file run24.cif (mmCIF, C-alpha atoms and all ligand atoms)
data_query
loop_
_atom_site.label_atom_id
_atom_site.label_comp_id
_atom_site.auth_asym_id
_atom_site.auth_seq_id
_atom_site.Cartn_x
_atom_site.Cartn_y
_atom_site.Cartn_z
CA MET J 72 133.83 -83.64 -63.54
CA ILE J 73 133.16 -87.17 -62.24
CA SER J 74 131.22 -89.39 -64.61
CA LEU J 75 129.76 -92.85 -63.94
CA GLY J 76 129.15 -95.00 -67.02
CA ILE J 77 126.86 -98.02 -67.41
CA GLU J 78 127.41 -100.51 -70.25
CA SER J 79 124.76 -103.16 -70.98
CA THR J 80 124.44 -103.59 -74.77
CA ALA J 81 125.13 -107.35 -74.81
CA HIS J 82 126.46 -109.97 -72.38
CA THR J 83 128.51 -107.63 -70.15
CA LEU J 84 127.22 -105.37 -67.40
CA GLY J 85 129.99 -102.84 -66.85
CA ILE J 86 130.14 -99.83 -64.54
CA GLY J 87 133.11 -97.48 -64.59
CA ILE J 88 133.98 -94.11 -63.10
CA VAL J 89 136.10 -91.45 -64.81
CA LYS J 90 137.28 -88.14 -63.38
CA ASP J 91 138.37 -85.55 -65.96
CA GLY J 92 139.61 -88.27 -68.32
CA LYS J 93 141.26 -90.40 -65.61
CA VAL J 94 139.80 -93.87 -65.11
CA LEU J 95 139.15 -94.39 -61.38
CA SER J 96 137.41 -97.77 -61.66
CA ASN J 97 136.14 -100.17 -64.30
CA GLU J 98 134.15 -103.11 -62.89
CA MET J 99 132.23 -105.67 -64.90
CA ASP J 100 130.38 -108.97 -64.83
CA THR J 101 129.86 -111.02 -67.99
CA PHE J 102 127.01 -113.42 -68.63
CA LYS J 103 128.49 -116.66 -70.02
CA PRO J 104 125.91 -118.75 -71.86
CA ALA J 105 126.78 -122.46 -72.26
CA ASN J 106 127.16 -123.26 -75.97
CA GLU J 107 124.38 -120.96 -77.17
CA GLY J 108 124.11 -117.37 -78.36
CA ILE J 109 123.11 -114.50 -76.10
CA LEU J 110 119.48 -115.07 -75.11
CA PRO J 111 118.21 -111.52 -74.54
CA ARG J 112 116.01 -112.38 -71.55
CA LYS J 113 118.81 -114.26 -69.75
CA ALA J 114 121.34 -111.46 -70.37
CA ALA J 115 118.80 -108.92 -69.05
CA ASP J 116 118.18 -111.01 -65.91
CA HIS J 117 121.94 -111.35 -65.38
CA HIS J 118 122.43 -107.56 -65.59
CA ALA J 119 119.51 -106.86 -63.23
CA GLU J 120 120.87 -109.39 -60.71
CA CYS J 121 124.44 -108.07 -60.61
CA MET J 122 123.89 -104.32 -61.11
CA SER J 123 123.90 -103.18 -57.48
CA ARG J 124 126.94 -105.37 -56.70
CA VAL J 125 128.95 -104.06 -59.69
CA LEU J 126 127.91 -100.48 -58.79
CA GLY J 127 129.13 -101.00 -55.22
CA LEU J 128 132.47 -102.36 -56.51
CA ALA J 129 132.92 -99.45 -58.94
CA LEU J 130 132.18 -96.81 -56.26
CA GLY J 131 134.32 -98.65 -53.68
CA LYS J 132 137.34 -98.95 -55.98
CA ALA J 133 137.07 -95.23 -56.88
CA LYS J 134 136.69 -94.45 -53.14
CA LEU J 135 133.57 -92.41 -53.92
CA LYS J 136 129.91 -92.24 -52.92
CA MET J 137 126.94 -91.54 -55.20
CA LYS J 138 126.85 -87.94 -53.94
CA ASP J 139 130.31 -87.37 -55.51
CA ILE J 140 129.13 -88.28 -59.03
CA ASP J 141 128.24 -85.41 -61.40
CA LEU J 142 127.02 -87.28 -64.47
CA ILE J 143 125.40 -90.67 -65.19
CA ALA J 144 126.29 -91.90 -68.70
CA PHE J 145 124.69 -94.98 -70.22
CA SER J 146 125.19 -97.04 -73.34
CA GLN J 147 122.21 -96.21 -75.59
CA GLY J 148 122.94 -98.63 -78.47
CA PRO J 149 123.50 -100.36 -80.78
CA GLY J 150 122.69 -103.44 -78.77
CA ILE J 151 120.20 -106.08 -77.74
CA GLY J 152 116.91 -104.55 -76.52
CA ALA J 153 116.34 -106.40 -73.24
CA PRO J 154 119.82 -106.07 -71.62
CA LEU J 155 120.10 -102.51 -72.97
CA ALA J 156 116.79 -101.58 -71.31
CA VAL J 157 117.99 -102.91 -67.92
CA GLY J 158 121.14 -100.73 -68.01
CA ILE J 159 119.16 -97.66 -69.07
CA ALA J 160 116.52 -98.20 -66.38
CA GLY J 161 119.34 -98.42 -63.82
CA ALA J 162 120.93 -95.20 -65.14
CA LYS J 163 117.60 -93.32 -65.04
CA TYR J 164 116.89 -94.53 -61.51
CA LEU J 165 120.33 -93.44 -60.26
CA ALA J 166 120.04 -90.05 -61.98
CA SER J 167 116.52 -89.22 -60.77
CA ARG J 168 116.98 -90.65 -57.26
CA ASN J 169 120.21 -88.69 -56.70
CA GLY J 170 119.44 -85.58 -58.76
CA LYS J 171 122.25 -86.18 -61.30
CA LYS J 172 122.60 -85.16 -64.93
CA ILE J 173 122.26 -87.98 -67.48
CA ILE J 174 123.50 -88.66 -71.03
CA GLY J 175 123.15 -91.50 -73.57
CA VAL J 176 126.27 -92.68 -75.41
CA ASN J 177 126.70 -94.49 -78.72
CA HIS J 178 128.57 -97.72 -77.86
CA CYS J 179 130.75 -97.63 -81.00
CA TYR J 180 131.70 -94.00 -80.35
CA ALA J 181 132.70 -94.92 -76.78
CA HIS J 182 135.14 -97.61 -78.03
CA ILE J 183 136.70 -95.05 -80.40
CA ALA J 184 136.81 -92.18 -77.88
CA ILE J 185 138.55 -94.19 -75.11
CA SER J 186 141.01 -95.65 -77.66
CA GLU J 187 141.94 -92.19 -79.00
CA HIS J 188 142.33 -90.98 -75.43
CA LEU J 189 144.49 -93.88 -74.20
CA THR J 190 146.69 -94.30 -77.31
CA GLY J 191 147.15 -90.56 -77.85
CA LEU J 192 146.43 -91.07 -81.57
CA HIS J 193 143.91 -88.37 -82.40
CA ASP J 194 141.84 -88.13 -85.57
CA PRO J 195 142.79 -91.62 -86.83
CA LEU J 196 141.23 -94.06 -89.24
CA VAL J 197 139.38 -96.61 -87.09
CA LEU J 198 138.91 -100.34 -87.54
CA TYR J 199 136.12 -101.36 -85.17
CA LEU J 200 135.74 -105.12 -84.79
CA SER J 201 133.37 -106.71 -82.29
CA GLY J 202 130.71 -109.39 -82.04
CA GLY J 203 127.98 -107.49 -83.84
CA ASN J 204 130.00 -104.83 -85.66
CA SER J 205 132.82 -104.72 -88.20
CA GLN J 206 133.35 -101.22 -89.55
CA ILE J 207 136.02 -98.92 -90.96
CA LEU J 208 135.36 -95.35 -89.82
CA VAL J 209 136.71 -91.86 -90.29
CA ARG J 210 135.79 -88.50 -88.76
CA GLN J 211 135.24 -85.61 -91.13
CA ASP J 212 133.74 -82.20 -90.28
CA ASP J 213 133.22 -83.45 -86.71
CA ARG J 214 131.01 -86.34 -87.85
CA TRP J 215 131.85 -90.03 -88.02
CA HIS J 216 131.41 -91.78 -91.37
CA VAL J 217 131.42 -95.52 -92.09
CA LEU J 218 133.67 -96.12 -95.12
CA GLY J 219 133.24 -99.87 -95.13
CA GLU J 220 131.62 -102.58 -93.04
CA THR J 221 130.47 -106.18 -92.95
CA LEU J 222 127.64 -106.85 -95.36
CA ASP J 223 126.37 -109.77 -93.26
CA ILE J 224 127.59 -110.81 -89.80
CA GLY J 225 130.09 -109.17 -87.42
CA ILE J 226 133.54 -110.80 -87.25
CA GLY J 227 133.11 -111.72 -83.56
CA ASN J 228 129.79 -113.32 -84.42
CA LEU J 229 131.63 -115.32 -87.12
CA PHE J 230 134.04 -116.69 -84.49
CA ASP J 231 131.34 -117.37 -81.88
CA THR J 232 129.05 -119.14 -84.37
CA PHE J 233 131.94 -121.28 -85.64
CA GLY J 234 133.03 -122.05 -82.06
CA ARG J 235 129.54 -123.22 -81.13
CA SER J 236 129.25 -125.36 -84.27
CA ILE J 237 132.43 -127.29 -83.36
CA GLY J 238 131.06 -127.85 -79.84
CA MET J 239 133.23 -125.45 -77.85
CA LYS J 240 131.95 -125.29 -74.29
CA TYR J 241 132.21 -121.52 -74.03
CA ALA J 242 132.28 -120.26 -77.61
CA HIS J 243 134.26 -117.06 -77.30
CA GLY J 244 136.91 -115.41 -79.48
CA ALA J 245 139.59 -115.78 -76.80
CA GLU J 246 138.99 -119.56 -76.58
CA LEU J 247 139.09 -119.86 -80.38
CA GLU J 248 142.33 -117.83 -80.41
CA LYS J 249 143.90 -120.46 -78.09
CA LEU J 250 142.76 -123.30 -80.34
CA ALA J 251 143.95 -121.46 -83.47
CA SER J 252 147.47 -121.01 -82.03
CA LYS J 253 148.14 -124.73 -82.72
CA GLY J 254 146.72 -124.75 -86.25
CA LYS J 255 148.04 -124.84 -89.82
CA TYR J 256 146.65 -122.98 -92.83
CA VAL J 257 143.88 -124.49 -94.98
CA GLU J 258 142.48 -122.42 -97.86
CA LEU J 259 139.07 -120.80 -97.16
CA PRO J 260 136.89 -118.37 -99.18
CA TYR J 261 138.13 -114.77 -99.10
CA SER J 262 135.60 -112.01 -99.82
CA VAL J 263 136.36 -108.27 -99.81
CA LYS J 264 134.04 -105.96 -101.77
CA GLY J 265 135.83 -102.61 -101.99
CA MET J 266 136.02 -101.59 -98.33
CA ASN J 267 133.21 -103.95 -97.30
CA LEU J 268 133.53 -107.48 -95.93
CA VAL J 269 131.45 -110.62 -96.39
CA PHE J 270 131.83 -113.45 -93.86
CA SER J 271 128.92 -115.85 -94.39
CA GLY J 272 130.55 -117.94 -97.18
CA LEU J 273 133.70 -118.21 -95.07
CA LEU J 274 131.64 -119.44 -92.10
CA THR J 275 129.77 -122.05 -94.15
CA GLN J 276 132.96 -123.48 -95.66
CA ALA J 277 134.79 -123.47 -92.30
CA GLN J 278 131.90 -125.38 -90.70
CA LYS J 279 131.96 -127.88 -93.58
CA LEU J 280 135.75 -128.44 -93.45
CA ALA J 281 135.72 -128.75 -89.64
CA LYS J 282 134.01 -132.14 -90.14
CA THR J 283 136.98 -133.55 -92.11
CA HIS J 284 139.97 -131.50 -90.90
CA LYS J 285 141.59 -130.80 -87.55
CA LYS J 286 139.53 -128.19 -85.67
CA GLU J 287 142.65 -126.19 -84.77
CA ASP J 288 143.61 -125.93 -88.48
CA ILE J 289 140.19 -124.55 -89.42
CA ALA J 290 140.13 -122.18 -86.41
CA PHE J 291 143.57 -120.86 -87.41
CA SER J 292 142.57 -120.49 -91.08
CA LEU J 293 139.26 -118.81 -90.20
CA MET J 294 141.05 -116.16 -88.15
CA GLU J 295 143.89 -115.77 -90.63
CA THR J 296 141.50 -115.32 -93.58
CA SER J 297 139.06 -112.94 -91.87
CA PHE J 298 141.89 -110.81 -90.43
CA ALA J 299 143.58 -110.62 -93.86
CA MET J 300 140.23 -109.43 -95.31
CA ALA J 301 139.95 -106.74 -92.60
CA CYS J 302 143.56 -105.66 -93.27
CA GLU J 303 142.99 -105.38 -97.03
CA ALA J 304 139.85 -103.23 -96.64
CA THR J 305 141.57 -101.09 -93.98
CA GLU J 306 144.66 -100.53 -96.13
CA ARG J 307 142.42 -99.38 -98.99
CA ALA J 308 140.73 -96.90 -96.62
CA LEU J 309 144.14 -95.67 -95.38
CA PHE J 310 145.22 -94.90 -98.96
CA LEU J 311 141.89 -93.25 -99.78
CA THR J 312 141.84 -91.00 -96.70
CA ARG J 313 145.66 -90.51 -96.54
CA LYS J 314 145.41 -90.97 -92.78
CA LYS J 315 148.71 -91.71 -91.05
CA LYS J 316 147.17 -93.05 -87.84
CA LEU J 317 145.16 -96.23 -87.33
CA ILE J 318 143.31 -97.40 -84.24
CA CYS J 319 141.78 -100.84 -83.88
CA CYS J 320 139.07 -101.15 -81.21
CA GLY J 321 136.22 -103.41 -80.09
CA GLY J 322 136.27 -106.89 -78.52
CA VAL J 323 138.11 -108.57 -81.42
CA ALA J 324 140.87 -105.90 -81.25
CA GLN J 325 142.24 -107.88 -78.27
CA ASN J 326 143.38 -110.65 -80.63
CA LYS J 327 147.20 -110.70 -80.68
CA ARG J 328 147.53 -112.11 -84.22
CA LEU J 329 145.22 -109.38 -85.58
CA GLN J 330 147.28 -106.72 -83.79
CA GLN J 331 150.48 -108.21 -85.27
CA MET J 332 149.04 -108.19 -88.82
CA LEU J 333 147.82 -104.59 -88.52
CA ARG J 334 151.14 -103.46 -87.02
CA THR J 335 153.09 -105.06 -89.89
CA MET J 336 150.81 -103.40 -92.45
CA CYS J 337 151.12 -100.00 -90.74
CA ASP J 338 154.94 -100.28 -90.50
CA GLU J 339 155.12 -100.97 -94.23
CA ASP J 340 152.82 -98.01 -95.01
CA GLY J 341 154.40 -95.49 -92.59
CA VAL J 342 151.25 -95.38 -90.45
CA GLN J 343 151.17 -95.15 -86.63
CA PHE J 344 149.16 -97.99 -85.11
CA GLY J 345 147.48 -97.95 -81.71
CA VAL J 346 145.28 -100.24 -79.67
CA ALA J 347 143.98 -99.64 -76.13
CA PRO J 348 144.62 -102.17 -73.31
CA ASN J 349 142.29 -105.21 -73.44
CA GLU J 350 140.17 -103.97 -70.51
CA PHE J 351 138.93 -101.09 -72.70
CA ASN J 352 138.31 -103.14 -75.84
CA ARG J 353 135.98 -105.47 -73.99
CA ASP J 354 132.55 -103.96 -73.36
CA ASN J 355 133.15 -101.84 -70.27
CA GLY J 356 131.65 -99.00 -68.24
CA ALA J 357 134.74 -96.74 -68.13
CA MET J 358 134.56 -96.09 -71.88
CA ILE J 359 130.89 -95.06 -71.48
CA ALA J 360 131.80 -92.77 -68.57
CA TYR J 361 134.65 -91.20 -70.58
CA ALA J 362 132.58 -90.75 -73.77
CA GLY J 363 129.74 -89.35 -71.62
CA GLU J 364 132.10 -86.74 -70.22
CA VAL J 365 133.25 -85.70 -73.73
CA LEU J 366 129.69 -85.59 -75.13
CA PHE J 367 128.34 -83.72 -72.10
CA LYS J 368 130.87 -80.93 -72.76
CA LYS J 369 129.65 -80.72 -76.36
CA TYR J 370 125.90 -81.24 -76.04
CA GLY J 371 124.97 -80.84 -72.36
CA ALA J 372 122.70 -83.24 -70.49
CA MET J 373 120.03 -85.39 -72.17
CA ARG J 374 116.36 -84.93 -71.36
CA MET J 375 114.97 -87.88 -69.39
CA GLU J 376 112.33 -88.72 -72.05
CA LYS J 377 115.10 -89.15 -74.64
CA CYS J 378 116.85 -91.77 -72.50
CA ILE J 379 115.49 -94.79 -74.37
CA PRO J 380 117.31 -97.72 -76.05
CA ILE J 381 118.21 -97.28 -79.74
CA THR J 382 118.95 -100.88 -80.69
CA ASN J 383 120.17 -100.02 -84.21
CA TYR J 384 121.99 -96.81 -83.18
CA ARG J 385 124.49 -96.08 -85.97
CA ILE J 386 127.33 -93.67 -85.23
CA GLU J 387 126.38 -91.47 -88.21
CA ILE J 388 123.14 -90.35 -86.52
CA MET J 389 124.75 -89.17 -83.26
CA ASP J 390 124.25 -85.51 -84.18
CA GLU J 391 120.56 -86.08 -84.89
CA VAL J 392 120.07 -87.93 -81.58
CA PHE J 393 121.54 -84.97 -79.67
CA GLY J 394 120.19 -82.28 -81.98
CA GLU J 395 116.44 -82.97 -81.83
FE FE2 I 1 131.68 -103.36 -77.79
#
call {"tool": "encode", "arguments": {"input": "run24.cif", "output": "structure tokens", "more": "lines below"}}
Ligand code: FE2
result
Amino acid sequence: MISLGIESTAHTLGIGIVKDGKVLSNEMDTFKPANEGILPRKAADHHAECMSRVLGLALGKAKLKMKDIDLIAFSQGPGIGAPLAVGIAGAKYLASRNGKKIIGVNHCYAHIAISEHLTGLHDPLVLYLSGGNSQILVRQDDRWHVLGETLDIGIGNLFDTFGRSIGMKYAHGAELEKLASKGKYVELPYSVKGMNLVFSGLLTQAQKLAKTHKKEDIAFSLMETSFAMACEATERALFLTRKKKLICCGGVAQNKRLQQMLRTMCDEDGVQFGVAPNEFNRDNGAMIAYAGEVLFKKYGAMRMEKCIPITNYRIEIMDEVFGE
């Protein structure tokens, strides 16, 4: 089976092609706002403008034509309404114009599925950290359950908001990671509630201290503190579930210091740790294509009238979305 996946939940328009689990191409274009959050309308315009070019690149790299594709998979949510709608409209157009089957994919599930596939760690505990999401998940009886999560903002959102407040030109986790590499530790509020995380107090104090301390010290301490919080909650979930495998996925999973902290924790606890290559932790089309392929085998194609954005699509309701 050859599956083409379209990702458009936030600032990245990604199109990837997967054949029976093998990634043939994974092209993307990311909207980069200058020192502001993602404005939905601008992200949607960006995706509409670059979609046919990214599609051409993805097909070209895979050495395929539209006629070779069996399934069009699209990211159905969670995400921002306007950019999500552009990706879905594109997927529906391609499917109806070319007579292809279509399927909607939960974005969070896609990060997990491609990470399980590429690391070879099946049935793990999952730490999913991205801009809008921070969750600890486990699969039981073929359903995903959220054991713990952020009670306010996502960890990536914490970094982006802090980056913007200290005037970073392109406030992005990777830029903050560079700044943090030169920093020293300053104490910041630490807030873990069972397996849940709270970041807003940490953000407020970091913003306050950034006015009187070196920016690199606060950037370093912000990352160090929030990653330690994520590690503590994850370790609690590992002991509770007795899982011996841990996967970290999502945009923030690319952070090398986070990976180092999780690896150290897993080594001490006798747990195998895995993380997919960066390309698949960013928002990307190949993970949507791969997850689409897996879900198609389980549920079959989606009816066209069900192909609508679900902006608050939680992984726990996947069965209901397919079952109706
Ligand atoms: Fe993501």
call {"tool": "residues_near_ligand", "arguments": {"input": "run24.cif", "ligand": "ligand FE2 1 (chain I)", "cutoff": "8 Å", "atoms": "all atoms listed in the file", "output": "MDAnalysis selection string"}}
result
chainID J and resid 80 178:179 182 201:202 321:322 352:355
call {"tool": "closest_residue", "arguments": {"input": "run24.cif", "among": "J:Val257, J:Ala160, J:Ile151, J:Met294", "to": "Lys113 (chain J)", "atoms": "all atoms listed in the file"}}
result
J:Ile151
call {"tool": "closest_residue", "arguments": {"input": "run24.cif", "among": "J:Ile226, J:Leu196, J:Ala362, J:Leu250", "to": "Lys315 (chain J)", "atoms": "all atoms listed in the file"}}
result
J:Leu196
call {"tool": "atom_distance", "arguments": {"input": "run24.cif", "atom1": "CA of Ile207 (chain J)", "atom2": "CA of Ala308 (chain J)"}}
result
7.6 Å
call {"tool": "atom_distance", "arguments": {"input": "run24.cif", "atom1": "CA of Ala372 (chain J)", "atom2": "CA of Asp116 (chain J)"}}
result
28.5 Å
call {"tool": "closest_residue", "arguments": {"input": "run24.cif", "among": "J:Thr296, J:Ser252, J:Ser271, J:Thr101", "to": "Lys327 (chain J)", "atoms": "all atoms listed in the file"}}
result
J:Ser252
call {"tool": "atom_distance", "arguments": {"input": "run24.cif", "atom1": "CA of Glu387 (chain J)", "atom2": "CA of Gly85 (chain J)"}}
result
24.5 Å
call {"tool": "residues_around", "arguments": {"input": "run24.cif", "residues": "region 316-318 of chain J", "least_positions_apart": "4", "cutoff": "6 Å", "atoms": "all atoms listed in the file", "output": "PyMOL selection string"}}
result
chain J and resi 195-197+342-346
call {"tool": "residues_around", "arguments": {"input": "run24.cif", "residues": "region 72-76 of chain J", "least_positions_apart": "5", "cutoff": "6 Å", "atoms": "all atoms listed in the file", "output": "ChimeraX atom specification"}}
result
/J:86-91,140-145,356-357,359-360
call {"tool": "closest_residue", "arguments": {"input": "run24.cif", "among": "J:Ala81, J:Leu155, J:Met122, J:Leu95", "to": "Pro380 (chain J)", "atoms": "all atoms listed in the file"}}
result
J:Leu155
call {"tool": "closest_residue", "arguments": {"input": "run24.cif", "among": "J:Met266, J:Val125, J:Ile237, J:Leu218", "to": "Lys282 (chain J)", "atoms": "all atoms listed in the file"}}
result
J:Ile237
call {"tool": "residues_near_point", "arguments": {"input": "run24.cif", "point": "(124.7, -102.5, -85.6)", "cutoff": "6 Å", "atoms": "all atoms listed in the file", "output": "mmCIF file with C-alpha atoms, in the coordinates of the input"}}
result
data_model
loop_
_atom_site.group_PDB
_atom_site.id
_atom_site.type_symbol
_atom_site.label_atom_id
_atom_site.label_comp_id
_atom_site.auth_asym_id
_atom_site.auth_seq_id
_atom_site.Cartn_x
_atom_site.Cartn_y
_atom_site.Cartn_z
ATOM 1 C CA PRO J 149 123.500 -100.360 -80.780
ATOM 2 C CA ASN J 204 130.000 -104.830 -85.660
ATOM 3 C CA ASN J 383 120.170 -100.020 -84.210
#
call {"tool": "decode", "arguments": {"input": "run24.cif", "residues": "region 159-169 of chain J", "atoms": "all heavy atoms", "output": "compact mmCIF listing (two decimals), in the first residue's frame"}}
result
# COMPACT_ATOMS: atom_id res chain seq x y z
N ILE J 159 -6.93 19.75 5.20
CA ILE J 159 -8.03 18.80 5.00
C ILE J 159 -8.71 19.05 3.65
O ILE J 159 -9.04 18.11 2.92
CB ILE J 159 -9.03 18.85 6.17
CG1 ILE J 159 -8.31 18.40 7.46
CG2 ILE J 159 -10.25 17.97 5.90
CD1 ILE J 159 -9.14 18.44 8.73
N ALA J 160 -8.87 20.32 3.30
CA ALA J 160 -9.47 20.64 2.00
C ALA J 160 -8.59 20.08 0.88
O ALA J 160 -9.08 19.52 -0.10
CB ALA J 160 -9.65 22.15 1.86
N GLY J 161 -7.27 20.24 1.04
CA GLY J 161 -6.33 19.71 0.05
C GLY J 161 -6.44 18.20 -0.06
O GLY J 161 -6.47 17.64 -1.17
N ALA J 162 -6.53 17.51 1.09
CA ALA J 162 -6.63 16.04 1.10
C ALA J 162 -7.92 15.59 0.41
O ALA J 162 -7.92 14.66 -0.40
CB ALA J 162 -6.60 15.54 2.54
N LYS J 163 -9.04 16.28 0.70
CA LYS J 163 -10.32 15.90 0.11
C LYS J 163 -10.32 16.14 -1.40
O LYS J 163 -10.86 15.34 -2.17
CB LYS J 163 -11.47 16.69 0.78
CG LYS J 163 -11.73 16.23 2.20
CD LYS J 163 -12.62 17.16 2.95
CE LYS J 163 -14.09 16.81 2.82
NZ LYS J 163 -14.89 17.56 3.81
N TYR J 164 -9.70 17.22 -1.81
CA TYR J 164 -9.61 17.52 -3.24
C TYR J 164 -8.82 16.42 -3.95
O TYR J 164 -9.25 15.87 -4.97
CB TYR J 164 -8.94 18.89 -3.46
CG TYR J 164 -8.63 19.16 -4.90
CD1 TYR J 164 -9.63 19.53 -5.79
CD2 TYR J 164 -7.33 19.02 -5.39
CE1 TYR J 164 -9.36 19.76 -7.13
CE2 TYR J 164 -7.04 19.24 -6.72
CZ TYR J 164 -8.06 19.61 -7.59
OH TYR J 164 -7.78 19.82 -8.91
N LEU J 165 -7.63 16.08 -3.39
CA LEU J 165 -6.79 15.06 -4.02
C LEU J 165 -7.50 13.71 -4.08
O LEU J 165 -7.42 13.01 -5.09
CB LEU J 165 -5.47 14.90 -3.24
CG LEU J 165 -4.45 16.02 -3.39
CD1 LEU J 165 -3.24 15.75 -2.50
CD2 LEU J 165 -4.01 16.17 -4.84
N ALA J 166 -8.23 13.37 -2.99
CA ALA J 166 -8.91 12.07 -2.95
C ALA J 166 -10.06 12.03 -3.95
O ALA J 166 -10.18 11.06 -4.72
CB ALA J 166 -9.42 11.79 -1.54
N SER J 167 -10.88 13.08 -3.99
CA SER J 167 -12.06 13.02 -4.88
C SER J 167 -11.65 13.20 -6.34
O SER J 167 -12.15 12.51 -7.23
CB SER J 167 -13.11 14.04 -4.47
OG SER J 167 -12.54 15.31 -4.41
N ARG J 168 -10.67 14.06 -6.60
CA ARG J 168 -10.23 14.30 -7.97
C ARG J 168 -9.60 13.04 -8.59
O ARG J 168 -9.74 12.76 -9.77
CB ARG J 168 -9.22 15.45 -7.95
CG ARG J 168 -8.47 15.72 -9.23
CD ARG J 168 -9.21 16.70 -10.07
NE ARG J 168 -8.81 16.61 -11.45
CZ ARG J 168 -8.20 17.56 -12.11
NH1 ARG J 168 -7.92 18.69 -11.51
NH2 ARG J 168 -7.87 17.43 -13.36
N ASN J 169 -8.86 12.28 -7.74
CA ASN J 169 -8.12 11.12 -8.25
C ASN J 169 -8.74 9.78 -7.88
O ASN J 169 -8.15 8.73 -8.13
CB ASN J 169 -6.67 11.17 -7.75
CG ASN J 169 -5.95 12.43 -8.22
OD1 ASN J 169 -5.59 12.54 -9.38
ND2 ASN J 169 -5.76 13.38 -7.32
